Amino acid sequence: MPRKRNKENAGLPSRWKHAHGAYYYQVPPGMESRWDGKKLFRLGATLPAAYAEWAKRLEVVDAAKSIGALLDRYALEVVPTKSPRTRVENLRAIKNLKAVFGAAPLTWLRPQHVYQYVDTRKAKKIAAHRAVDVLSHAFTKCVEWGLIDRHPFKGEVRLSGEESRTRYVEDWELIEVLVLPSKRKKGSVLMMQAYIRLKLLTGMARSDLLRLEPDVHFKDDGIHITRHKTAGKTGKSTIYEWNDDLRAAVATAIAVRSSASSALLFCTRDGSSYIDEVKETASGWDSMWQRFMVRIMKETKLEDRFTEHDLRAKCASDAESLEHARALLSHVDSRVTDRIYRRKPERVQPAKIGFE
């Protein structure tokens with residue numbers, strides 16, 4: 001039975017390892033001559049640099065003729081440009097796709113093959129859909145690289161998406177949460193309550209709220225952010241203009257933060273960020289949120305938990321208009337806002353009978 005990989009090597013390609021601040025490739029026996037005679041070859045200090053060196057050494061052939069070769073090139077050239085979390089998910093999807101389609105010629109794939117792939121993975125429906133997304137993007141790049149003339153299934157495969165949540169957090173539920181007594185003067189419950197107030201007022205995503213730095217993002221006219229998730233794509237910026245409620249929420253968050261000397265608005269006890277910038281996770285914050293939810297369910301009248309996404313949906317649902325909701329959530333397309341985040345029933349006036 002193969003030995004389980006260390007956490008720091010999770011998501012890396014086979015025979016890769018991270019050690020002493022760099023990425024290394026464990027050269028297969030008999031292949032040392034292609035890797036400067038070394039059994040352990042240093043690829044680079046950063047993941048993009050490591051992938052670049054690996055691609056150079058493997059002498060990736062542009063004219064890939066199989067789906068497996070296409071996915072290998074996609075893994076080498078495209079996946080490293082994505083966020084750490086997405087890289088891990090993409091590489092996992094590529095592994096599953098290669099097991100099924102790897103030996104097939106590029107021109108073989110048809111829409112029915114994609115449907116068959118999803119059908120055989122019913123137990124892991126969401127993972128299968130995301131793998132199809134990776135496969136689709138790989139073929140989009142395949143056209144861009146001049147390997148084929150047209151995408152084999154774009155616009156021809158319709159997969160039923162994940163069901164959107166419908167949970168709408170009521171005002172009375174939030175009142176219960178925001179009056180929950182704290183056992184400490186700073187941090188913990190008080191910080192969570194301040195965080196919730198800011199999220200309700202702005203609709204900011206967790207990745208943006210947990211990165212807020214007063215000296216950087218707070219200006220005379222409001223809170224300035226460029227949404228982290230789309231910074232490398234749209235570069236869209238948002239200014240949340242000051243009003244009395246927003247100023248009060250920020251003042252409370254500053255007053256109750258765990259470390260007064262931290263540059264961050266929301267921070268750990270030692271003043272550091274909850275976000276691991278390498279893995280793009282916030283496990284400490286997740287744990288604290290879960291403990292907070294346990295307390296809420298025990299000590300309030302709430303019957304159903306809510307998530308941070310539900311709070312963003314509350315902000316969008318209570319906004320005066322769809323356009324206002326879109327702007328609050330820093331979305332480019334209002335259709336996403338409407339389909340996923342506007343959860344209140346739409347109120348309409350009855351039509352009139354014109355002939356009476």
# chains A, B, ... in the order shown; residues from 1 in each chain; ligands from 1
>>> select_by_dssp(residues="region 93-340 of chain A", states="strand (DSSP E or B)", output="list in words")
Pro105, Phe218, Lys219, Gly222, Ile223, His224, Ile225, Thr226, Ser237, Thr238, Ile239, Tyr240, Glu241, Asp276 and Thr281 of chain A
>>> closest_residue(among="A:Ala231, A:Ala127, A:Ala260, A:Val118", to="Leu159 (chain A)", atoms="only C-alpha atoms")
A:Val118
>>> atom_distance(atom1="CA of Leu212 (chain A)", atom2="CA of Ala263 (chain A)")
8.6 Å
>>> select_by_dssp(residues="region 72-120 of chain A", states="helix (DSSP H, G or I)", output="ChimeraX atom specification")
/A:72-77,79-81,84-101,111-120
>>> residues_around(residues="Leu97 (chain A)", least_positions_apart="6", cutoff="12 Å", atoms="only C-alpha atoms", output="MDAnalysis selection string")
chainID A and resid 67:72 90:91 103:104 113:114 117:118 121 127:136 138
>>> write_last_selection(atoms="C-alpha atoms", output="PDB file, in the first residue's frame")
ATOM      1  CA  ILE A  67      -6.402  13.793 -24.690  1.00  0.00           C
ATOM      2  CA  GLY A  68      -3.899  12.660 -22.067  1.00  0.00           C
ATOM      3  CA  ALA A  69      -1.129  14.699 -23.714  1.00  0.00           C
ATOM      4  CA  LEU A  70      -3.459  17.707 -23.920  1.00  0.00           C
ATOM      5  CA  LEU A  71      -4.280  17.430 -20.216  1.00  0.00           C
ATOM      6  CA  ASP A  72      -0.561  17.144 -19.414  1.00  0.00           C
ATOM      7  CA  ASN A  90      -7.792  20.928 -11.183  1.00  0.00           C
ATOM      8  CA  LEU A  91      -4.965  18.423 -10.783  1.00  0.00           C
ATOM      9  CA  ALA A 103      -5.378   7.290 -24.449  1.00  0.00           C
ATOM     10  CA  ALA A 104      -8.124   8.642 -26.726  1.00  0.00           C
ATOM     11  CA  HIS A 113     -18.802  10.636 -24.140  1.00  0.00           C
ATOM     12  CA  VAL A 114     -19.019  13.567 -21.717  1.00  0.00           C
ATOM     13  CA  TYR A 117     -18.463  10.165 -17.981  1.00  0.00           C
ATOM     14  CA  VAL A 118     -20.839  12.135 -15.738  1.00  0.00           C
ATOM     15  CA  ARG A 121     -19.774   9.223 -11.547  1.00  0.00           C
ATOM     16  CA  ALA A 127     -16.799  16.623  -8.744  1.00  0.00           C
ATOM     17  CA  ALA A 128     -17.742  15.165 -12.140  1.00  0.00           C
ATOM     18  CA  HIS A 129     -19.265  18.467 -13.272  1.00  0.00           C
ATOM     19  CA  ARG A 130     -16.149  20.368 -12.240  1.00  0.00           C
ATOM     20  CA  ALA A 131     -13.964  17.850 -14.041  1.00  0.00           C
ATOM     21  CA  VAL A 132     -16.016  18.483 -17.192  1.00  0.00           C
ATOM     22  CA  ASP A 133     -15.369  22.210 -16.711  1.00  0.00           C
ATOM     23  CA  VAL A 134     -11.622  21.477 -16.662  1.00  0.00           C
ATOM     24  CA  LEU A 135     -11.900  19.264 -19.750  1.00  0.00           C
ATOM     25  CA  SER A 136     -13.885  21.950 -21.557  1.00  0.00           C
ATOM     26  CA  ALA A 138      -8.510  22.306 -21.849  1.00  0.00           C
TER      27      ALA A 138
END
>>> closest_residue(among="A:His224, A:Arg184, A:Lys39, A:Arg342", to="Ser258 (chain A)", atoms="only C-alpha atoms")
A:Arg184
>>> closest_residue(among="A:Arg339, A:Met192, A:Asp208, A:Arg291", to="Val256 (chain A)", atoms="only C-alpha atoms")
A:Met192
>>> atom_distance(atom1="CA of Ala45 (chain A)", atom2="CA of Ser273 (chain A)")
23.0 Å
>>> closest_residue(among="A:His137, A:Arg87, A:Arg257, A:His18", to="His151 (chain A)", atoms="only C-alpha atoms")
A:His137
>>> closest_residue(among="A:Ser164, A:Ser83, A:Asn96, A:Thr107", to="Phe139 (chain A)", atoms="only C-alpha atoms")
A:Thr107
>>> atom_distance(atom1="CA of Ser259 (chain A)", atom2="CA of Lys186 (chain A)")
8.9 Å
>>> residues_around(residues="Lys236 (chain A)", least_positions_apart="3", cutoff="8 Å", atoms="only C-alpha atoms", output="VMD selection string")
chain A and resid 226 to 227 230 to 231 330
>>> closest_residue(among="A:Thr81, A:Thr281, A:Thr166, A:Thr46", to="Pro345 (chain A)", atoms="only C-alpha atoms")
A:Thr166
